[in-house]
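Student: This is the structure I want to talk about, given as structure tokens.
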Number of protein chains: 2
Amino acid sequence: MAARIGRRSTEGANRGMTDGRPATIKDVAASAGVGIATVSRVFSGAGSVSAATRERVLAAARALDYRPSALGRGLKTGGSGGIGLVVPDVTDPFCAELVAGVLACARTLGEHVIVDAAGGDPAREAEIVERLTEQRVDGIIAMPAGDEADWRAAARVCSSVVFAGRALAGPPRVPGVPSVLADDAGGVRSLTEYLAGLGHRRIGFLGAAPGGSARVRERAFRDTLAQLGVPVEEDLVVAARPARDAAYAAAAGLLQRRADVTAVLAAGHLLGEAAVLVARELDLRVPADVSIAMVDDVAWAELCDPPLTAVARPGRDIGYRACELLLREPGRRGRAGPVLLPTELVVRGSCGPPRAQRR
Amino acid sequence: MAARIGRRSTEGANRGMTDGRPATIKDVAASAGVGIATVSRVFSGAGSVSAATRERVLAAARALDYRPSALGRGLKTGGSGGIGLVVPDVTDPFCAELVAGVLACARTLGEHVIVDAAGGDPAREAEIVERLTEQRVDGIIAMPAGDEADWRAAARVCSSVVFAGRALAGPPRVPGVPSVLADDAGGVRSLTEYLAGLGHRRIGFLGAAPGGSARVRERAFRDTLAQLGVPVEEDLVVAARPARDAAYAAAAGLLQRRADVTAVLAAGHLLGEAAVLVARELDLRVPADVSIAMVDDVAWAELCDPPLTAVARPGRDIGYRACELLLREPGRRGRAGPVLLPTELVVRGSCGPPRAQRR
DNA sequence: ACCTCTCATGGAAACGTTTCCAGTAGCCCC
DNA sequence: GGGGCTACTGGAAACGTTTCCATGAGAGGT
């Protein structure tokens, strides 16, 4: 027994101290005078190791600066112990919150997260999923851009996919892919009811181009108005691509074409930003001339003058929940409809009663 | 030769089609009737393979839905082909831009990025670096929180580290760790010169707590004033932890204590936000009563009323450049001082000539 | 016809883990 | 004192790649 101690200690020590290559389990085993199986047991926690041996192994590992290779482990166990996260744009505040949520949850579960941005391009999304699959991630969380076929393929090829913050367009959802979403319909409904309650009857709706949850929001807007007995004028419902210039163009078009709108409901922070800028450009006072409210309670909503009334979507919670769903509850996945997280109406100063007639 | 075609095709096909486990290189080899070495050559691009064989292999791979495992490859080649990215908070607009830049560059080089947020906590940073090391990432890009010792250890243990957007505090920089930074000193200088040029003499400086590039900015502020012959009053230079409440407290303290300040230079967007909110709270008109300018040209700077004059730091470029430095130019790393990327002064409406005396 | 050169190919040995399976002690209980 | 424990340990076989090396077959020069 005693003879084992320090056996091959010189050979063992020359790895990790001198050259650059990291020490391996073999080096540690040799240096500690034990078998590699024992070292593995010490680090993986499984099996039983005597206290003395464990201590000896840990000491050797420390001396050699040993760190188990996730590649070796992953190869053996058939999974990298990481998850993939695909968002359109990490720069978008909502996406960033979602990413933060996923990161927070993954941290508690000891998994790492490979993040990539697809820029709303289905082809890039497909490519990213391909790469993530090669990495053998344990699962993928995605805020999909739109193309259903791609994701159907991805869901087939990858272990498990969860949609977060946005699902695929159209009712024929990808089967088996669960999703965690904000209650967009509820959010838009409360916003619409709030504006209508202030007396607005000609409310402009700035929506995103078809795809994602855009339809859901527009539908909620129309339904709520209908329910309140307010006629929906097609002219007041416009859609824009999710880009600054398109949003600005849509907002400018709406406010110039219909000088009689008394309120604008922007279905996203880019659209809200556009509405604010256009109103300022047209010298419309908010809320005296036009009320503005939007979906997404981003940082600047409060900094605006007047501060903007908005519906907050719980981006962080959505990410956290999606990650939980992916990793902790493989059983509950894909069972029922999407998980809907509630939104919150944050009333600030950008909405007021309508003016009799603008200009 | 012909006999090989389809050899073991039934055995080969039953993997990847029926069960869930992904097909391996062996399955493809068997299905295509070639050796695994040939399949490897087809996919890795190295070596030479006849056109006919290549086609046969690709067909088999397609049929089996084969994707080479990055784990197997990484194990063999001794590197995962991914990089680690550590930021304080993905939700921060500057960090998000930086992440986007790294992502963009990594994409062009075919590497994936493992992102994690340390929340400004050195202990968490160390833990994240530990995990990244286990993942055998090819390198790490970090926006460090502060503790030098941790990063010295990390730099020793990990292949290569590049600091981006922020370096360690204090002149004794971690040796061998290159950094890509915004020219903070230049940015603050131009902001200071701009305010002084408008006639301001009592300029409040809202800085971050010691650590990171905070000292650089404060130093630049003092130096520039000194150079312009404006005396620096210690009372006007305050520091706050990088959190909303602390920033607000600092701004409120400054503006209430010194009612005679005519301009505020906020050395970060959180501080700028605080300044705007406090000014509004105190019923100070911007820029009539007090001018406000800040570092970081975030989205809301333009949405503010009046729009905020700011210095834009090229977050995306910094991330891109750091990634390039890490992966493309292993030779040029650690040679000279930090790479400084220029900032840009964006003049908007939040600054004007000073009022004779406030209130 | 022979030698040599190149190209195409397959076998086999790594790479660093985990885990099954044996094997060796020490121990308690009859 | 023997039979079964249990606790601990090491060997060896995977896991899916890449890559070195050997082999074989044509091609081209003499």
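To be explicit about the labels: the chains of the structure tokens are called A, B, and onward in the order shown, and within each one the residues are counted from 1, while ligands get numbers from 1 in the order they are shown.
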Could you work out which residues of chain B fall inside 7 Å of chain A? Count only C-alpha atoms, and format the result as a list of chain:residue names.

Tutor: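 Filtering chain B at 7 Å from chain A with only C-alpha atoms gives B:Arg67, B:Pro68, B:Ser69, B:Ala70, B:Leu71, B:Gly72, B:Gly74, B:Leu75, B:Val90, B:Thr91, B:Pro93, B:Ala96, B:Glu97, B:Ala100, B:Leu103, B:His112, B:Val113, B:Ile114, B:Val115, B:Asp116, B:Glu134, B:Gln135, B:Arg136, B:Trp300, B:Leu303, B:Cys304, B:Asp305.
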
Student: Keeping only N, CA and C atoms, write those residues as a PDB file, in the first residue's frame.

Tutor:
```pdb
ATOM      1  N   ARG B  67     -24.712  13.298 -38.538  1.00  0.00           N
ATOM      2  CA  ARG B  67     -24.006  14.544 -38.258  1.00  0.00           C
ATOM      3  C   ARG B  67     -22.795  14.193 -37.429  1.00  0.00           C
ATOM      4  N   PRO B  68     -21.640  14.592 -37.869  1.00  0.00           N
ATOM      5  CA  PRO B  68     -20.435  14.260 -37.096  1.00  0.00           C
ATOM      6  C   PRO B  68     -20.536  14.831 -35.690  1.00  0.00           C
ATOM      7  N   SER B  69     -20.099  14.080 -34.724  1.00  0.00           N
ATOM      8  CA  SER B  69     -20.170  14.530 -33.334  1.00  0.00           C
ATOM      9  C   SER B  69     -18.987  15.421 -32.999  1.00  0.00           C
ATOM     10  N   ALA B  70     -19.315  16.604 -32.564  1.00  0.00           N
ATOM     11  CA  ALA B  70     -18.245  17.536 -32.197  1.00  0.00           C
ATOM     12  C   ALA B  70     -17.483  17.008 -30.990  1.00  0.00           C
ATOM     13  N   LEU B  71     -18.121  16.175 -30.195  1.00  0.00           N
ATOM     14  CA  LEU B  71     -17.434  15.640 -29.016  1.00  0.00           C
ATOM     15  C   LEU B  71     -16.314  14.702 -29.435  1.00  0.00           C
ATOM     16  N   GLY B  72     -16.635  13.797 -30.326  1.00  0.00           N
ATOM     17  CA  GLY B  72     -15.610  12.879 -30.798  1.00  0.00           C
ATOM     18  C   GLY B  72     -14.454  13.631 -31.423  1.00  0.00           C
ATOM     19  N   GLY B  74     -13.642  16.782 -31.051  1.00  0.00           N
ATOM     20  CA  GLY B  74     -12.950  17.602 -30.067  1.00  0.00           C
ATOM     21  C   GLY B  74     -12.011  16.766 -29.216  1.00  0.00           C
ATOM     22  N   LEU B  75     -12.472  15.597 -28.855  1.00  0.00           N
ATOM     23  CA  LEU B  75     -11.644  14.729 -28.028  1.00  0.00           C
ATOM     24  C   LEU B  75     -10.349  14.414 -28.767  1.00  0.00           C
ATOM     25  N   VAL B  90     -25.934  40.316 -19.661  1.00  0.00           N
ATOM     26  CA  VAL B  90     -26.320  40.354 -21.080  1.00  0.00           C
ATOM     27  C   VAL B  90     -27.423  41.360 -21.352  1.00  0.00           C
ATOM     28  N   THR B  91     -28.057  41.823 -20.294  1.00  0.00           N
ATOM     29  CA  THR B  91     -29.182  42.727 -20.411  1.00  0.00           C
ATOM     30  C   THR B  91     -28.737  44.173 -20.609  1.00  0.00           C
ATOM     31  N   PRO B  93     -27.219  47.187 -22.404  1.00  0.00           N
ATOM     32  CA  PRO B  93     -27.139  47.442 -23.840  1.00  0.00           C
ATOM     33  C   PRO B  93     -25.717  47.354 -24.394  1.00  0.00           C
ATOM     34  N   ALA B  96     -24.691  43.775 -24.490  1.00  0.00           N
ATOM     35  CA  ALA B  96     -25.430  43.069 -25.535  1.00  0.00           C
ATOM     36  C   ALA B  96     -24.799  43.341 -26.897  1.00  0.00           C
ATOM     37  N   GLU B  97     -24.408  44.570 -27.126  1.00  0.00           N
ATOM     38  CA  GLU B  97     -23.748  44.899 -28.389  1.00  0.00           C
ATOM     39  C   GLU B  97     -22.440  44.120 -28.509  1.00  0.00           C
ATOM     40  N   ALA B 100     -23.114  40.634 -29.366  1.00  0.00           N
ATOM     41  CA  ALA B 100     -23.502  40.518 -30.778  1.00  0.00           C
ATOM     42  C   ALA B 100     -22.267  40.558 -31.674  1.00  0.00           C
ATOM     43  N   LEU B 103     -20.472  37.241 -31.443  1.00  0.00           N
ATOM     44  CA  LEU B 103     -21.261  36.243 -32.166  1.00  0.00           C
ATOM     45  C   LEU B 103     -21.025  36.367 -33.671  1.00  0.00           C
ATOM     46  N   HIS B 112     -18.565  28.221 -32.169  1.00  0.00           N
ATOM     47  CA  HIS B 112     -19.744  28.568 -31.384  1.00  0.00           C
ATOM     48  C   HIS B 112     -19.296  29.295 -30.117  1.00  0.00           C
ATOM     49  N   VAL B 113     -20.257  29.932 -29.477  1.00  0.00           N
ATOM     50  CA  VAL B 113     -19.926  30.766 -28.327  1.00  0.00           C
ATOM     51  C   VAL B 113     -20.752  30.352 -27.110  1.00  0.00           C
ATOM     52  N   ILE B 114     -20.058  30.047 -26.043  1.00  0.00           N
ATOM     53  CA  ILE B 114     -20.727  29.769 -24.777  1.00  0.00           C
ATOM     54  C   ILE B 114     -20.750  31.070 -23.986  1.00  0.00           C
ATOM     55  N   VAL B 115     -21.946  31.571 -23.740  1.00  0.00           N
ATOM     56  CA  VAL B 115     -22.077  32.863 -23.064  1.00  0.00           C
ATOM     57  C   VAL B 115     -22.495  32.644 -21.619  1.00  0.00           C
ATOM     58  N   ASP B 116     -21.959  33.441 -20.738  1.00  0.00           N
ATOM     59  CA  ASP B 116     -22.485  33.432 -19.377  1.00  0.00           C
ATOM     60  C   ASP B 116     -22.335  34.813 -18.755  1.00  0.00           C
ATOM     61  N   GLU B 134     -13.221  23.463 -18.409  1.00  0.00           N
ATOM     62  CA  GLU B 134     -13.612  22.057 -18.521  1.00  0.00           C
ATOM     63  C   GLU B 134     -14.180  21.754 -19.902  1.00  0.00           C
ATOM     64  N   GLN B 135     -14.826  22.749 -20.478  1.00  0.00           N
ATOM     65  CA  GLN B 135     -15.385  22.562 -21.816  1.00  0.00           C
ATOM     66  C   GLN B 135     -14.305  22.609 -22.882  1.00  0.00           C
ATOM     67  N   ARG B 136     -13.097  22.914 -22.478  1.00  0.00           N
ATOM     68  CA  ARG B 136     -11.970  22.981 -23.400  1.00  0.00           C
ATOM     69  C   ARG B 136     -12.221  23.968 -24.537  1.00  0.00           C
ATOM     70  N   TRP B 300     -32.348  54.784 -25.750  1.00  0.00           N
ATOM     71  CA  TRP B 300     -33.262  55.791 -25.227  1.00  0.00           C
ATOM     72  C   TRP B 300     -32.694  57.195 -25.284  1.00  0.00           C
ATOM     73  N   LEU B 303     -34.642  58.914 -27.611  1.00  0.00           N
ATOM     74  CA  LEU B 303     -36.073  58.967 -27.301  1.00  0.00           C
ATOM     75  C   LEU B 303     -36.379  59.974 -26.209  1.00  0.00           C
ATOM     76  N   CYS B 304     -35.379  60.273 -25.443  1.00  0.00           N
ATOM     77  CA  CYS B 304     -35.505  61.192 -24.331  1.00  0.00           C
ATOM     78  C   CYS B 304     -36.010  62.544 -24.833  1.00  0.00           C
ATOM     79  N   ASP B 305     -36.564  63.317 -23.906  1.00  0.00           N
ATOM     80  CA  ASP B 305     -36.940  64.663 -24.296  1.00  0.00           C
ATOM     81  C   ASP B 305     -36.311  65.628 -23.328  1.00  0.00           C
TER      82      ASP B 305
END
```

Student: Distance table requested - chain C against chain A, cut-off 9 Å, only C-alpha atoms (C1' of nucleotides): one row per qualifying residue with the closest atom pair and its distance in Å to one decimal, ordered by chain and rising residue number, as a Markdown table.

Tutor:
```
| residue | atom | partner | partner_atom | distance |
| --- | --- | --- | --- | --- |
| C:DC15 | C1' | A:Gly72 | CA | 8.1 |
| C:DG16 | C1' | A:Gly72 | CA | 4.5 |
| C:DT17 | C1' | A:Gly72 | CA | 4.2 |
| C:DT18 | C1' | A:Lys76 | CA | 6.1 |
| C:DT19 | C1' | A:Ala37 | CA | 8.7 |
```

Student: Keeping only N, CA and C atoms (P, O5', C5', C4', C3', O3' and C1' of nucleotides), write those residues as an mmCIF file, in the first residue's frame.

Tutor:
```cif
data_model
loop_
_atom_site.group_PDB
_atom_site.id
_atom_site.type_symbol
_atom_site.label_atom_id
_atom_site.label_comp_id
_atom_site.auth_asym_id
_atom_site.auth_seq_id
_atom_site.Cartn_x
_atom_site.Cartn_y
_atom_site.Cartn_z
ATOM 1 P P DC C 15 -2.813 9.460 -26.462
ATOM 2 O "O5'" DC C 15 -4.086 10.412 -26.348
ATOM 3 C "C5'" DC C 15 -4.306 11.450 -27.272
ATOM 4 C "C4'" DC C 15 -5.731 11.901 -27.181
ATOM 5 C "C3'" DC C 15 -6.296 11.835 -25.766
ATOM 6 O "O3'" DC C 15 -6.162 13.119 -25.159
ATOM 7 C "C1'" DC C 15 -7.866 11.076 -27.424
ATOM 8 P P DG C 16 -5.657 13.145 -23.651
ATOM 9 O "O5'" DG C 16 -7.014 12.968 -22.836
ATOM 10 C "C5'" DG C 16 -8.015 13.958 -22.985
ATOM 11 C "C4'" DG C 16 -9.256 13.517 -22.259
ATOM 12 C "C3'" DG C 16 -9.029 13.110 -20.801
ATOM 13 O "O3'" DG C 16 -10.055 13.662 -20.012
ATOM 14 C "C1'" DG C 16 -10.079 11.361 -21.970
ATOM 15 P P DT C 17 -10.018 13.590 -18.458
ATOM 16 O "O5'" DT C 17 -11.540 13.258 -18.140
ATOM 17 C "C5'" DT C 17 -11.920 11.938 -17.862
ATOM 18 C "C4'" DT C 17 -13.221 11.650 -18.536
ATOM 19 C "C3'" DT C 17 -14.106 10.736 -17.719
ATOM 20 O "O3'" DT C 17 -15.149 11.501 -17.155
ATOM 21 C "C1'" DT C 17 -13.756 9.856 -19.935
ATOM 22 P P DT C 18 -15.842 10.964 -15.825
ATOM 23 O "O5'" DT C 18 -16.644 9.697 -16.363
ATOM 24 C "C5'" DT C 18 -17.794 9.901 -17.154
ATOM 25 C "C4'" DT C 18 -18.394 8.579 -17.537
ATOM 26 C "C3'" DT C 18 -18.962 7.771 -16.368
ATOM 27 O "O3'" DT C 18 -20.187 7.201 -16.811
ATOM 28 C "C1'" DT C 18 -17.369 6.468 -17.526
ATOM 29 P P DT C 19 -21.253 6.701 -15.749
ATOM 30 O "O5'" DT C 19 -21.136 5.124 -15.896
ATOM 31 C "C5'" DT C 19 -21.010 4.577 -17.204
ATOM 32 C "C4'" DT C 19 -20.668 3.117 -17.110
ATOM 33 C "C3'" DT C 19 -21.087 2.430 -15.813
ATOM 34 O "O3'" DT C 19 -21.480 1.108 -16.126
ATOM 35 C "C1'" DT C 19 -18.806 2.124 -16.141
#
```

Student: Tell me, as a list in words, which residues lie within 12 Å of Leu340 (chain B), counting only C-alpha atoms (C1' of nucleotides); anything in the same chain fewer than 5 positions away does not count.

Tutor: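 Everything that qualifies: Phe163, Ala164, Gly165, Arg166, Ala167, Pro178, Ser179, Val180, Leu181, Ala182, Asp183, Asp184, Ala185, Gly186, Gly187, Arg313, Pro314, Gly315, Asp317, Ile318, Arg321 and Ala322 of chain B.
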
Student: Running DSSP on the backbone, which parts of region 257-328 of chain B land in alpha helix (DSSP H), as number ranges by chain?

Tutor: B: 257, 269-281, 300-303, 315-327

Student: Excluding same-chain residues fewer than 4 positions from region 19-27 of chain D, what lies within 10 Å of it counting only C-alpha atoms (C1' of nucleotides), as a list in words?

Tutor: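 Here the answer would be Ala37, Ser40, Arg41 and Lys76 of chain B; DC5, DT6, DC7, DA8, DT9, DG10, DG11, DA12, DA13 and DA14 of chain C.
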
Student: Pull C-alpha atoms (C1' of nucleotides) from the residues just selected and write them as a PDB file, in the first residue's frame.

Tutor:
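After the write, selection_26.pdb holds the following:
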```
ATOM      1  CA  ALA B  37     -11.400   6.508 -42.289  1.00  0.00           C
ATOM      2  CA  SER B  40     -13.925  10.853 -41.853  1.00  0.00           C
ATOM      3  CA  ARG B  41     -11.969  12.102 -44.844  1.00  0.00           C
ATOM      4  CA  LYS B  76      -9.335  13.715 -30.790  1.00  0.00           C
TER       5      LYS B  76
ATOM      6  C1'  DC C   5       5.150   7.418 -57.976  1.00  0.00           C
ATOM      7  C1'  DT C   6       0.738   8.845 -56.792  1.00  0.00           C
ATOM      8  C1'  DC C   7      -3.856   8.199 -55.468  1.00  0.00           C
ATOM      9  C1'  DA C   8      -7.474   5.815 -52.935  1.00  0.00           C
ATOM     10  C1'  DT C   9      -8.481   3.155 -49.240  1.00  0.00           C
ATOM     11  C1'  DG C  10      -8.960   0.413 -44.757  1.00  0.00           C
ATOM     12  C1'  DG C  11      -7.098  -1.009 -40.215  1.00  0.00           C
ATOM     13  C1'  DA C  12      -5.834   0.394 -35.918  1.00  0.00           C
ATOM     14  C1'  DA C  13      -4.246   3.349 -32.427  1.00  0.00           C
ATOM     15  C1'  DA C  14      -4.968   7.148 -30.026  1.00  0.00           C
TER      16       DA C  14
END
```

Student: So that I can see what lies close to Thr224 (chain A), please list as a PyMOL selection string the residues with an atom at most 10 Å from it, counting only C-alpha atoms (C1' of nucleotides) and leaving out residues fewer than 4 positions away in the same chain.

Tutor: chain A and resi 185-186+188-193+196+218-220+228-230+232

Student: List every residue of chain D that has an atom at most 12 Å from any atom of chain A, and for each one report the closest atom pair and its distance in Å to one decimal, counting only C-alpha atoms (C1' of nucleotides), with rows sorted by chain and then by increasing residue number, as JSON lines.

Tutor:
```
{"residue": "D:DT6", "atom": "C1'", "partner": "A:Ser48", "partner_atom": "CA", "distance": 11.2}
{"residue": "D:DA7", "atom": "C1'", "partner": "A:Ser48", "partner_atom": "CA", "distance": 7.4}
{"residue": "D:DC8", "atom": "C1'", "partner": "A:Val49", "partner_atom": "CA", "distance": 6.3}
{"residue": "D:DT9", "atom": "C1'", "partner": "A:Thr38", "partner_atom": "CA", "distance": 7.0}
{"residue": "D:DG10", "atom": "C1'", "partner": "A:Gly35", "partner_atom": "CA", "distance": 5.5}
{"residue": "D:DG11", "atom": "C1'", "partner": "A:Gly35", "partner_atom": "CA", "distance": 8.6}
{"residue": "D:DA12", "atom": "C1'", "partner": "A:Ala37", "partner_atom": "CA", "distance": 10.5}
{"residue": "D:DA13", "atom": "C1'", "partner": "A:Lys76", "partner_atom": "CA", "distance": 11.6}
{"residue": "D:DA14", "atom": "C1'", "partner": "A:Lys76", "partner_atom": "CA", "distance": 7.9}
{"residue": "D:DC15", "atom": "C1'", "partner": "A:Lys76", "partner_atom": "CA", "distance": 4.5}
{"residue": "D:DG16", "atom": "C1'", "partner": "A:Leu75", "partner_atom": "CA", "distance": 7.1}
{"residue": "D:DT17", "atom": "C1'", "partner": "A:Leu75", "partner_atom": "CA", "distance": 9.7}
```

Student: Can those selected residues be exported to a file as a PDB file, in the first residue's frame so that it contains C-alpha atoms (C1' of nucleotides)?

Tutor:
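Written output follows (out37.pdb):
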```pdb
ATOM      1  C1'  DT D   6     -20.113  -4.712   2.145  1.00  0.00           C
ATOM      2  C1'  DA D   7     -16.583  -1.352   0.929  1.00  0.00           C
ATOM      3  C1'  DC D   8     -13.055  -0.349  -1.982  1.00  0.00           C
ATOM      4  C1'  DT D   9     -10.230  -0.793  -6.041  1.00  0.00           C
ATOM      5  C1'  DG D  10      -8.157  -1.685 -10.849  1.00  0.00           C
ATOM      6  C1'  DG D  11      -8.518  -3.483 -15.573  1.00  0.00           C
ATOM      7  C1'  DA D  12     -10.674  -3.036 -19.717  1.00  0.00           C
ATOM      8  C1'  DA D  13     -14.161  -1.960 -22.871  1.00  0.00           C
ATOM      9  C1'  DA D  14     -16.727   1.279 -24.744  1.00  0.00           C
ATOM     10  C1'  DC D  15     -17.979   6.302 -26.726  1.00  0.00           C
ATOM     11  C1'  DG D  16     -17.089   8.801 -32.008  1.00  0.00           C
ATOM     12  C1'  DT D  17     -13.641  10.908 -33.978  1.00  0.00           C
TER      13       DT D  17
END
```

Student: Tell me, in Å to one decimal, how far CA of Val286 (chain B) is from CA of Ala247 (chain B).

Tutor: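 CA of Val286 (chain B) sits 18.7 Å away from CA of Ala247 (chain B).
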
Student: Figure out the distance between CA of Val86 (chain A) and CA of Asp296 (chain B), please, to one decimal in Å.

Tutor: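 Calculated distance between CA of Asp296 (chain B) and CA of Val86 (chain A) is 26.8 Å.
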
Student: In Å, rounded to a single decimal, give me how far CA of Glu233 (chain B) is from CA of Arg285 (chain B).

Tutor: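 Going from CA of Arg285 (chain B) over to CA of Glu233 (chain B) covers 23.6 Å.
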
Student: Within 12 Å of Pro353 (chain A), counting only C-alpha atoms (C1' of nucleotides), which residues show up once you throw out same-chain ones fewer than 4 positions away? Write them as a ChimeraX atom specification, please.

Tutor: /A:194-202,262-263,286-292,349,357

Student: If you run DSSP on the backbone, which residues of region 132-279 of chain A are strand (DSSP E or B), as a list of chain:residue names?

Tutor: A:Gly139, A:Ile140, A:Ile141, A:Ala142, A:Val161, A:Val162, A:Phe163, A:Ala164, A:Ser179, A:Val180, A:Leu181, A:Ala182, A:Ile203, A:Gly204, A:Phe205, A:Leu206, A:Gly207, A:Ala208, A:Val237, A:Val238, A:Ala239, A:Ala240, A:Ala263, A:Val264, A:Leu265, A:Ala266
